[in-house]
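File shown: entry_10.txt. Contents: compact mmCIF, C-alpha atoms and all ligand atoms.
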# COMPACT_ATOMS: atom_id res chain seq x y z
CA MET A 210 183.25 137.22 94.14
CA ASN A 211 180.94 137.39 97.17
CA ASP A 212 177.26 136.34 97.18
CA LYS A 213 176.04 139.94 97.53
CA ALA A 214 177.84 141.00 94.35
CA THR A 215 176.48 137.99 92.44
CA LYS A 216 172.94 138.71 93.70
CA GLY A 217 173.33 142.29 92.44
CA THR A 218 174.46 141.10 89.00
CA ILE A 219 171.46 138.72 88.75
CA GLU A 220 168.91 141.32 89.86
CA ARG A 221 170.35 143.83 87.41
CA LYS A 222 170.05 141.40 84.47
CA GLN A 223 166.41 140.65 85.44
CA ASN A 224 165.59 144.36 85.77
CA HIS A 225 167.11 145.04 82.33
CA VAL A 226 164.80 142.60 80.57
CA GLU A 227 161.73 143.88 82.45
CA ILE A 228 162.52 147.56 81.79
CA CYS A 229 163.33 146.96 78.11
CA LEU A 230 160.01 145.16 77.71
CA HIS A 231 157.72 147.50 79.62
CA ASP A 232 159.23 151.03 79.88
CA ASN A 233 159.95 153.76 77.35
CA VAL A 234 163.69 153.45 76.78
CA ALA A 235 163.80 154.79 73.23
CA PHE A 236 165.93 157.81 72.33
CA ASN A 237 163.97 161.02 72.40
CA GLY A 238 164.41 163.15 69.26
CA LYS A 239 167.48 161.25 68.05
CA THR A 240 167.11 158.55 65.39
CA THR A 241 169.35 155.94 63.80
CA GLY A 242 169.34 157.97 60.58
CA PHE A 243 168.24 155.03 58.38
CA GLU A 244 165.13 157.04 57.44
CA ARG A 245 167.40 159.62 55.74
CA PHE A 246 168.50 157.08 53.11
CA ALA A 247 166.62 155.48 50.20
CA PHE A 248 167.84 153.06 47.56
CA GLU A 249 167.78 154.09 43.94
CA HIS A 250 164.94 152.11 42.35
CA ASP A 251 165.82 149.73 39.52
CA ALA A 252 162.95 149.54 37.03
CA LEU A 253 164.75 146.67 35.29
CA PRO A 254 165.77 144.26 38.05
CA GLU A 255 166.22 141.36 35.57
CA LEU A 256 165.75 138.68 38.24
CA SER A 257 163.05 136.57 39.81
CA LEU A 258 162.11 137.27 43.45
CA SER A 259 162.29 133.53 44.13
CA ASP A 260 165.95 133.34 43.04
CA ILE A 261 167.19 135.94 45.51
CA ASP A 262 169.87 134.62 47.88
CA ILE A 263 170.02 136.47 51.22
CA SER A 264 172.88 134.41 52.68
CA THR A 265 176.26 135.97 53.39
CA THR A 266 179.47 135.23 55.27
CA PHE A 267 180.69 136.41 58.64
CA LEU A 268 184.12 135.68 60.08
CA GLY A 269 184.71 133.28 57.20
CA LYS A 270 181.54 131.23 57.78
CA LYS A 271 178.41 131.13 55.64
CA ILE A 272 175.34 132.41 57.49
CA GLY A 273 171.66 132.22 56.50
CA ALA A 274 171.07 135.98 56.43
CA PRO A 275 172.90 139.21 57.32
CA LEU A 276 171.22 139.42 60.72
CA MET A 277 172.41 138.62 64.21
CA ILE A 278 170.57 138.37 67.51
CA SER A 279 172.50 140.82 69.72
CA SER A 280 173.90 140.01 73.15
CA MET A 281 171.21 140.19 75.81
CA THR A 282 170.98 137.87 78.70
CA GLY A 283 172.04 134.95 80.91
CA GLY A 284 172.97 134.47 84.55
CA TYR A 285 169.61 133.68 86.20
CA SER A 286 167.14 130.86 85.79
CA GLU A 287 164.55 132.59 83.55
CA ALA A 288 167.40 133.75 81.32
CA ALA A 289 167.99 130.12 80.40
CA THR A 290 164.53 130.01 78.81
CA LEU A 291 165.17 133.26 76.93
CA ASN A 292 168.54 132.05 75.66
CA GLN A 293 167.00 128.73 74.64
CA GLN A 294 164.28 130.49 72.61
CA LEU A 295 166.73 132.93 71.03
CA ALA A 296 169.02 130.02 70.18
CA GLU A 297 166.20 128.02 68.58
CA ALA A 298 165.38 130.99 66.34
CA ALA A 299 169.05 131.54 65.48
CA GLU A 300 169.36 127.87 64.51
CA GLN A 301 166.17 127.98 62.43
CA PHE A 302 167.42 130.91 60.34
CA GLY A 303 171.12 130.00 60.47
CA ILE A 304 172.06 133.36 61.96
CA PRO A 305 174.64 134.31 64.64
CA LEU A 306 173.72 134.81 68.29
CA GLY A 307 175.34 136.69 71.15
CA VAL A 308 174.63 135.90 74.80
CA GLY A 309 174.54 138.56 77.52
CA SER A 310 177.42 139.52 79.79
CA MET A 311 178.99 136.38 81.26
CA ARG A 312 180.16 138.16 84.41
CA ALA A 313 177.63 136.13 86.45
CA ALA A 314 179.06 132.88 85.05
CA LEU A 315 182.55 133.93 86.12
CA GLU A 316 181.32 134.93 89.59
CA ASN A 317 179.23 131.83 90.27
CA ARG A 318 179.16 128.33 88.74
CA SER A 319 175.40 127.91 89.32
CA TYR A 320 174.55 130.34 86.54
CA ARG A 321 176.65 128.78 83.82
CA GLU A 322 173.88 126.58 82.41
CA SER A 323 171.77 129.63 81.51
CA PHE A 324 174.50 130.49 78.96
CA ALA A 325 175.47 126.95 77.90
CA VAL A 326 171.86 126.31 76.86
CA ALA A 327 172.44 128.57 73.82
CA ARG A 328 174.91 126.14 72.25
CA LYS A 329 172.66 123.19 73.07
CA TYR A 330 169.79 124.67 71.06
CA ALA A 331 171.89 126.29 68.33
CA PRO A 332 174.49 123.65 67.56
CA SER A 333 175.43 124.88 64.10
CA VAL A 334 175.47 128.70 64.23
CA LEU A 335 178.10 131.22 65.25
CA ILE A 336 177.71 131.98 68.98
CA PHE A 337 179.57 134.71 70.81
CA ALA A 338 180.54 135.01 74.46
CA ASN A 339 180.20 138.45 76.06
CA ILE A 340 181.96 140.47 78.74
CA GLY A 341 182.05 144.16 79.72
CA ALA A 342 184.78 146.79 79.56
CA PRO A 343 185.11 147.01 83.38
CA GLU A 344 185.99 143.28 83.51
CA ILE A 345 188.46 143.78 80.65
CA ALA A 346 190.06 146.73 82.47
CA ARG A 347 190.67 144.53 85.51
CA GLY A 348 192.27 141.92 83.23
CA LEU A 349 190.76 138.53 82.40
CA THR A 350 192.61 135.43 83.58
CA GLU A 351 193.22 132.41 81.33
CA THR A 352 190.59 130.58 83.42
CA ASP A 353 188.01 133.35 82.83
CA ILE A 354 188.62 133.24 79.08
CA ASN A 355 188.48 129.44 78.91
CA THR A 356 185.32 129.28 81.04
CA MET A 357 183.44 131.67 78.75
CA LEU A 358 184.62 130.09 75.51
CA GLU A 359 184.15 126.48 76.63
CA LEU A 360 180.65 127.02 78.03
CA LEU A 361 179.41 128.09 74.59
CA GLU A 362 181.98 126.48 72.32
CA ALA A 363 182.14 130.14 71.35
CA ASP A 364 183.23 131.34 67.93
CA GLY A 365 184.37 134.68 69.31
CA LEU A 366 184.30 136.98 72.34
CA ILE A 367 182.25 140.16 72.30
CA VAL A 368 183.48 142.94 74.57
CA HIS A 369 180.92 145.65 75.30
CA LEU A 370 181.92 149.26 75.89
CA ASN A 371 179.23 150.93 77.97
CA ALA A 372 180.63 154.08 79.59
CA ALA A 373 177.30 155.95 79.50
CA GLN A 374 175.41 152.96 80.90
CA GLU A 375 177.88 152.61 83.80
CA LEU A 376 177.63 156.37 84.41
CA PHE A 377 173.87 156.14 84.91
CA GLN A 378 173.87 152.76 86.64
CA PRO A 379 173.18 153.05 90.39
CA GLU A 380 176.06 150.63 91.14
CA GLY A 381 178.01 151.51 87.96
CA ASN A 382 181.76 151.07 87.54
CA THR A 383 183.10 154.25 86.00
CA ASP A 384 186.78 153.35 85.99
CA PHE A 385 187.50 152.89 82.28
CA ARG A 386 191.30 153.19 82.55
CA HIS A 387 193.41 150.44 80.93
CA VAL A 388 190.62 149.05 78.72
CA LEU A 389 192.64 149.48 75.51
CA GLU A 390 195.85 148.18 77.07
CA GLN A 391 194.06 145.07 78.39
CA LEU A 392 192.27 144.57 75.07
CA THR A 393 195.65 144.49 73.32
CA ILE A 394 196.81 141.80 75.76
CA LEU A 395 193.56 139.88 75.33
CA THR A 396 193.53 139.88 71.51
CA ALA A 397 197.12 138.60 71.47
CA LYS A 398 196.36 135.54 73.59
CA ILE A 399 192.74 134.54 72.90
CA PRO A 400 192.25 131.76 70.29
CA VAL A 401 189.08 133.33 68.76
CA PRO A 402 188.33 136.75 67.21
CA VAL A 403 187.44 139.64 69.52
CA ILE A 404 184.42 141.74 68.56
CA VAL A 405 183.92 145.08 70.29
CA LYS A 406 180.50 146.67 70.55
CA GLU A 407 178.89 149.63 72.23
CA VAL A 408 175.41 149.27 73.73
CA GLY A 409 173.66 152.23 72.09
CA CYS A 410 176.05 155.22 72.09
CA GLY A 411 177.95 154.21 68.96
CA ILE A 412 181.60 153.78 67.99
CA SER A 413 183.33 156.67 66.22
CA ALA A 414 186.00 156.30 63.53
CA SER A 415 188.62 157.42 66.07
CA ALA A 416 187.57 154.79 68.63
CA ALA A 417 187.35 152.15 65.87
CA ARG A 418 190.92 152.93 64.77
CA ARG A 419 192.24 152.44 68.32
CA LEU A 420 190.29 149.20 68.69
CA ILE A 421 191.53 147.80 65.39
CA GLU A 422 195.11 148.74 66.29
CA ALA A 423 194.56 146.80 69.55
CA GLY A 424 193.80 143.67 67.51
CA VAL A 425 189.99 143.76 67.41
CA LYS A 426 188.59 142.00 64.30
CA VAL A 427 184.96 143.16 64.26
CA ILE A 428 183.37 146.46 65.25
CA ASP A 429 179.68 146.37 66.17
CA VAL A 430 178.71 150.04 66.19
CA ALA A 431 175.61 149.71 68.45
CA GLY A 432 174.75 153.32 67.73
CA ALA A 433 172.16 155.74 69.04
CA GLY A 434 168.54 155.70 67.91
CA GLY A 435 167.39 152.40 69.38
CA CYS A 436 167.52 151.44 73.04
CA SER A 437 169.01 154.08 75.37
CA TRP A 438 170.88 152.31 78.17
CA GLN A 439 171.17 155.63 80.00
CA LYS A 440 167.36 155.58 80.20
CA VAL A 441 167.26 151.95 81.33
CA GLU A 442 169.67 152.72 84.17
CA ALA A 443 168.00 156.05 85.03
CA ILE A 444 164.75 154.11 85.53
CA ARG A 445 166.54 151.63 87.82
CA TYR A 446 168.15 154.54 89.71
CA THR A 447 164.81 156.29 90.23
CA ARG A 448 163.17 153.07 91.46
CA GLN A 449 166.04 152.53 93.90
CA PHE A 450 166.67 156.07 95.18
CA GLY A 451 163.69 158.21 94.15
CA GLN A 452 163.96 161.10 91.71
CA GLU A 453 167.11 161.38 89.58
CA THR A 454 169.10 164.37 90.93
CA ARG A 455 172.70 163.74 89.93
CA PHE A 456 172.62 165.88 86.78
CA SER A 457 171.19 169.32 86.12
CA VAL A 458 167.78 169.39 84.45
CA PRO A 459 168.94 170.91 81.11
CA ALA A 460 171.90 168.50 80.84
CA LEU A 461 169.91 165.41 81.79
CA GLU A 462 167.93 165.27 78.53
CA GLU A 463 171.13 165.57 76.48
CA LEU A 464 172.90 162.89 78.53
CA LEU A 465 169.95 160.47 78.33
CA ASN A 466 170.04 160.84 74.54
CA TRP A 467 173.85 160.82 74.27
CA GLY A 468 175.45 158.95 71.41
CA ILE A 469 176.35 158.82 67.72
CA PRO A 470 173.47 157.72 65.47
CA THR A 471 173.95 154.25 64.00
CA THR A 472 174.18 155.41 60.36
CA GLN A 473 176.72 158.10 61.28
CA CYS A 474 178.98 155.42 62.84
CA LEU A 475 178.62 153.29 59.70
CA LEU A 476 179.53 156.19 57.38
CA ASP A 477 182.53 157.20 59.53
CA ILE A 478 183.90 153.65 59.82
CA ARG A 479 183.39 153.05 56.09
CA ARG A 480 185.48 156.15 55.41
CA LEU A 481 188.13 154.98 57.88
CA LYS A 482 188.38 151.61 56.10
CA LYS A 483 188.69 153.34 52.72
CA GLU A 484 191.45 155.63 54.00
CA SER A 485 193.35 152.75 55.68
CA PRO A 486 193.55 149.81 53.25
CA CYS A 487 195.18 147.67 55.99
CA PHE A 488 191.80 147.75 57.80
CA SER A 489 189.97 146.25 54.81
CA ASP A 490 189.53 142.82 56.50
CA ILE A 491 187.78 144.34 59.52
CA GLU A 492 184.10 143.43 59.54
CA VAL A 493 181.43 145.83 60.75
CA ILE A 494 178.09 145.06 62.39
CA ALA A 495 175.30 147.63 62.15
CA SER A 496 173.24 147.74 65.31
CA GLY A 497 171.36 150.14 67.54
CA GLY A 498 167.72 150.57 66.59
CA ILE A 499 167.47 148.00 63.77
CA GLN A 500 163.74 147.41 63.39
CA CYS A 501 163.04 145.96 59.93
CA GLY A 502 164.60 144.47 56.84
CA THR A 503 165.01 147.79 55.02
CA ASP A 504 167.32 148.83 57.89
CA ILE A 505 169.28 145.60 57.30
CA ALA A 506 169.51 146.31 53.56
CA LYS A 507 170.69 149.90 54.12
CA SER A 508 173.25 148.64 56.67
CA LEU A 509 174.88 146.49 53.98
CA ALA A 510 174.96 149.39 51.50
CA LEU A 511 176.58 151.53 54.24
CA GLY A 512 179.43 149.04 54.64
CA ALA A 513 178.24 146.61 57.32
CA GLN A 514 178.68 142.87 56.90
CA LEU A 515 175.45 142.30 58.78
CA ALA A 516 172.96 144.02 61.07
CA ALA A 517 172.05 143.03 64.62
CA SER A 518 169.09 143.69 66.88
CA ALA A 519 168.38 143.32 70.59
CA ARG A 520 165.33 145.08 72.04
CA HIS A 521 162.98 144.68 69.08
CA LEU A 522 163.69 140.94 68.95
CA LEU A 523 163.29 140.63 72.73
CA LYS A 524 159.89 142.30 72.45
CA ALA A 525 158.94 139.99 69.59
CA LEU A 526 159.96 136.99 71.70
CA HIS A 527 157.86 138.28 74.60
CA GLU A 528 154.86 138.55 72.26
CA GLY A 529 155.41 135.01 70.98
CA ALA A 530 156.35 136.31 67.53
CA LEU A 531 160.14 136.01 67.32
CA GLU A 532 160.32 133.67 64.31
CA LYS A 533 157.50 135.56 62.56
CA THR A 534 159.32 138.87 63.11
CA ILE A 535 162.65 137.59 61.79
CA ALA A 536 160.90 136.02 58.77
CA SER A 537 159.17 139.33 58.00
CA TRP A 538 162.46 141.28 58.28
CA LEU A 539 164.10 138.83 55.88
CA ASN A 540 161.18 139.28 53.48
CA ASP A 541 161.69 143.06 53.67
CA LEU A 542 165.32 142.44 52.75
CA ARG A 543 164.31 140.25 49.77
CA ALA A 544 161.90 143.01 48.65
CA VAL A 545 164.68 145.62 48.65
CA MET A 546 166.99 143.23 46.82
CA PHE A 547 164.31 142.65 44.17
CA LEU A 548 163.68 146.38 43.72
CA THR A 549 167.38 147.17 43.43
CA GLY A 550 168.11 144.25 41.09
CA SER A 551 170.37 142.49 43.63
CA ALA A 552 170.42 138.70 43.31
CA THR A 553 172.89 138.38 46.20
CA THR A 554 173.87 140.33 49.30
CA ALA A 555 177.24 140.97 47.61
CA GLU A 556 175.43 142.84 44.83
CA LEU A 557 173.24 144.75 47.31
CA ARG A 558 176.38 146.11 49.01
CA HIS A 559 177.21 148.07 45.84
CA LYS A 560 173.80 149.67 45.28
CA THR A 561 173.36 153.41 45.46
CA LEU A 562 171.76 155.01 48.52
CA ILE A 563 170.29 158.46 48.02
CA ILE A 564 170.07 160.90 50.93
CA THR A 565 166.42 161.92 51.03
C1 LIG B 601 167.49 143.13 77.77
C2 LIG B 601 168.80 143.51 77.16
C3 LIG B 601 169.97 143.14 77.79
C4 LIG B 601 171.21 143.47 77.24
N1 LIG B 601 172.37 143.00 77.82
C5 LIG B 601 173.55 143.17 77.16
C6 LIG B 601 174.73 142.51 77.60
O1 LIG B 601 174.73 141.79 78.60
N2 LIG B 601 175.87 142.70 76.89
C7 LIG B 601 175.91 143.49 75.77
O2 LIG B 601 176.94 143.60 75.12
N3 LIG B 601 174.81 144.15 75.37
C8 LIG B 601 173.65 143.99 76.01
N4 LIG B 601 172.52 144.61 75.55
C9 LIG B 601 172.65 145.66 74.52
C10 LIG B 601 172.32 145.16 73.12
O3 LIG B 601 173.15 144.10 72.74
C11 LIG B 601 172.39 146.31 72.09
O4 LIG B 601 173.73 146.69 71.88
C12 LIG B 601 171.60 147.55 72.46
O5 LIG B 601 170.40 147.25 73.14
C13 LIG B 601 171.27 148.39 71.23
O6 LIG B 601 170.56 147.62 70.27
P1 LIG B 601 168.95 147.70 70.11
O7 LIG B 601 168.61 149.13 69.85
O8 LIG B 601 168.67 146.79 68.94
O9 LIG B 601 168.37 147.19 71.38
C14 LIG B 601 171.27 144.26 76.06
C15 LIG B 601 170.08 144.64 75.43
C16 LIG B 601 168.85 144.26 75.95
C17 LIG B 601 167.60 144.69 75.25

Final structure tokens representation of the file:
Amino acid sequence: MNDKATKGTIERKQNHVEICLHDNVAFNGKTTGFERFAFEHDALPELSLSDIDISTTFLGKKIGAPLMISSMTGGYSEAATLNQQLAEAAEQFGIPLGVGSMRAALENRSYRESFAVARKYAPSVLIFANIGAPEIARGLTETDINTMLELLEADGLIVHLNAAQELFQPEGNTDFRHVLEQLTILTAKIPVPVIVKEVGCGISASAARRLIEAGVKVIDVAGAGGCSWQKVEAIRYTRQFGQETRFSVPALEELLNWGIPTTQCLLDIRRLKKESPCFSDIEVIASGGIQCGTDIAKSLALGAQLAASARHLLKALHEGALEKTIASWLNDLRAVMFLTGSATTAELRHKTLIIT
């Protein structure tokens, strides 16, 4: 890959962090849907708050809590500091961590350390490599796969599907042909599980079925209601070319807020798993707009193995409050478990959610 392309990838990753920290990139009028659900209160919990165990398992490994730090960054020097800090928090709480797209590491050796740092500071947790659909469509070589996995001693590869983001991205790649075909080839030859995620538009039951049939082991729904990547890219486009003019005014608002709300994805995929018993081993991650521990608790009751968050945790990190934020979310989770009489996350998964 030439230097100009690598420079573009680096600048884009820097812009993403800056825009997510300082601009309004939230969905407008569309929510995750978590606020529509409430747990049935248990007046007789018959347990002590101090005995509650929030640990769970993911991909066969015990983890400290059902929370993951979603894929965000890497590929430029400041990203090394971010990945180090995210990794330290992941290690402290014993929770999984995803790094951002590793395209830059494949394009240029100099940026590999900004990813590798994650494993250095989180030696014992699950860490996931990350690559985008356009790279998958082109076909990953054995060398590409080995580079990503070895840099992180990765426990899995996350592939992100981001059609709407690429559509709005000034330099976006909108050729999404052959993604499924290449995913099938990839899952057959890679030695670790493949996780597929969206980046904020959600994964429907129909898309999940095709992904599972292609050999994908985990679906991270990354639904609508949190960070809108169409908005992030629209801001970059406007800064680069002036006012956004590619779409008509009435359609623009709908496109910027495009996507399936997170809870809708969870309900649809839970139904799919019920209807297809052969999919019962597939694990689901709830993400897209997770912003507290009650969201995590509801995610489990809606069929997710764990929840994951990106932008809210990035903001917390920026404010010097990452560990404090995670600790408070896990306390929220303990509170819900206490009030529903759930001593373990396994018990919480079976509690009744009422639509309010
Ligand atoms: C600064 C930033 C950079 C991101 N970069 C990536 C990436 O490289 N790969 C990826 O799969 N997702 C990336 N994401 C998307 C998140 O992993 C997540 O799916 C999305 O932001 C929705 O979750 P949220 O509402 O909790 O932010 C990024 C998110 C943020 C905030």

Inset, instruction - Around ligand LIG 601 (chain B), at most 8 Å away and counting all atoms listed in the file, which residues are there? Put them as a PyMOL selection string, please. - result: chain A and resi 222+225-230+279-283+307-311+339-341+367-370+406-409+431-438+496-500+517-523

Inset, instruction - Could you check how far CA of Gly529 (chain A) sits from CA of Asn224 (chain A), in Å to one decimal? - result: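 Answer for the CA of Gly529 (chain A) to CA of Asn224 (chain A) separation: 20.2 Å.
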
Inset, instruction - List the neighbours of Ala555 (chain A) out to 12 Å using all atoms listed in the file; skip same-chain residues closer than 5 positions along the sequence, and give me the result as a list in words. - result: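 Within the cut-off, the hits are Ile261, Asp262, Ile263, Ser264, Thr265, Thr266, Ala274, Pro275, Ala506, Leu509, Ala510, Gly512, Ala513, Gln514, Leu515, Met546, Gly550 and Lys560 of chain A.
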
Legend entry - Of the listed residues A:Leu258, A:Leu392, A:Ala314, A:Leu361, that which approaches Arg347 (chain A) most closely, counting all atoms listed in the file: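 The answer is A:Leu392, which sits nearest to Arg347 (chain A).
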
Inset, instruction - Name all residues at most 8 Å from Glu492 (chain A) (count only C-alpha atoms; drop same-chain ones fewer than 4 positions away) and give them as a VMD selection string. - result: chain A and resid 267 to 268 426 to 428 513 to 514

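Of the listed residues A:Gln473, A:Thr454, A:Ser319, A:Asn233, the one whose atoms come nearest to Leu511 (chain A) is A:Gln473, with distances taken using all atoms listed in the file.
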
Legend entry - Protein/DNA/RNA residues near (184.3, 137.4, 71.1), cut 7 Å, all atoms listed in the file, as a VMD selection string: chain A and resid 337 to 339 364 to 368 401 to 404

Inset, instruction - For CA of Leu461 (chain A) and CA of Glu344 (chain A), quote the distance in Å rounded to one decimal. - result: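 One can read the CA of Leu461 (chain A) to CA of Glu344 (chain A) distance as 27.4 Å.
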
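Distances from A:Ile219, A:Ile412, A:Asn237, A:Ile421 to Ser286 (chain A) were compared using only C-alpha atoms, and the smallest one belongs to A:Ile219.
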
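Reported to one decimal place, the separation of CA of Met357 (chain A) from CA of Ala296 (chain A) is 16.9 Å.
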
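Closest approach to Phe377 (chain A) among A:Thr356, A:Ser415, A:Thr565, A:Thr447: A:Thr447, based on only C-alpha atoms.
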
For a cut-off of 12 Å around (179.6, 157.6, 55.8), file coordinates, pick out all residues using all atoms listed in the file and list them as a PDB file with C-alpha atoms, in the frame of the given file.
ATOM      1  CA  GLY A 242     169.340 157.970  60.580  1.00  0.00           C
ATOM      2  CA  PHE A 243     168.240 155.030  58.380  1.00  0.00           C
ATOM      3  CA  PHE A 246     168.500 157.080  53.110  1.00  0.00           C
ATOM      4  CA  SER A 413     183.330 156.670  66.220  1.00  0.00           C
ATOM      5  CA  ALA A 414     186.000 156.300  63.530  1.00  0.00           C
ATOM      6  CA  PRO A 470     173.470 157.720  65.470  1.00  0.00           C
ATOM      7  CA  THR A 471     173.950 154.250  64.000  1.00  0.00           C
ATOM      8  CA  THR A 472     174.180 155.410  60.360  1.00  0.00           C
ATOM      9  CA  GLN A 473     176.720 158.100  61.280  1.00  0.00           C
ATOM     10  CA  CYS A 474     178.980 155.420  62.840  1.00  0.00           C
ATOM     11  CA  LEU A 475     178.620 153.290  59.700  1.00  0.00           C
ATOM     12  CA  LEU A 476     179.530 156.190  57.380  1.00  0.00           C
ATOM     13  CA  ASP A 477     182.530 157.200  59.530  1.00  0.00           C
ATOM     14  CA  ILE A 478     183.900 153.650  59.820  1.00  0.00           C
ATOM     15  CA  ARG A 479     183.390 153.050  56.090  1.00  0.00           C
ATOM     16  CA  ARG A 480     185.480 156.150  55.410  1.00  0.00           C
ATOM     17  CA  LEU A 481     188.130 154.980  57.880  1.00  0.00           C
ATOM     18  CA  LYS A 482     188.380 151.610  56.100  1.00  0.00           C
ATOM     19  CA  LYS A 483     188.690 153.340  52.720  1.00  0.00           C
ATOM     20  CA  LYS A 507     170.690 149.900  54.120  1.00  0.00           C
ATOM     21  CA  SER A 508     173.250 148.640  56.670  1.00  0.00           C
ATOM     22  CA  ALA A 510     174.960 149.390  51.500  1.00  0.00           C
ATOM     23  CA  LEU A 511     176.580 151.530  54.240  1.00  0.00           C
ATOM     24  CA  GLY A 512     179.430 149.040  54.640  1.00  0.00           C
ATOM     25  CA  ALA A 513     178.240 146.610  57.320  1.00  0.00           C
ATOM     26  CA  LEU A 562     171.760 155.010  48.520  1.00  0.00           C
ATOM     27  CA  ILE A 564     170.070 160.900  50.930  1.00  0.00           C
TER      28      ILE A 564
END

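Shortest separation to Thr215 (chain A) among A:Asn317, A:Thr393, A:Ser259, A:Gln294 occurs at residue A:Asn317, atoms counted being all atoms listed in the file.
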
Inset, instruction - Rank A:Val326, A:Thr350, A:Gly381, A:Val441 by their smallest atom-to-atom distance to Ala235 (chain A), using all atoms listed in the file, and report the top residue only. - result: A:Val441

Legend entry - Close residues, Glu362 (chain A) itself excluded, 8 Å, all atoms listed in the file, min 2 positions apart in chain, as a list in words: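 Surrounding residues, per the criterion: Arg328, Ile336, Leu358, Glu359, Leu360 and Asp364 of chain A.
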
Legend entry - Residue contacts of Ala525 (chain A) (10 Å, all atoms listed in the file) excluding same-chain residues fewer than 6 positions away, as a PyMOL selection string: chain A and resi 230+531-535
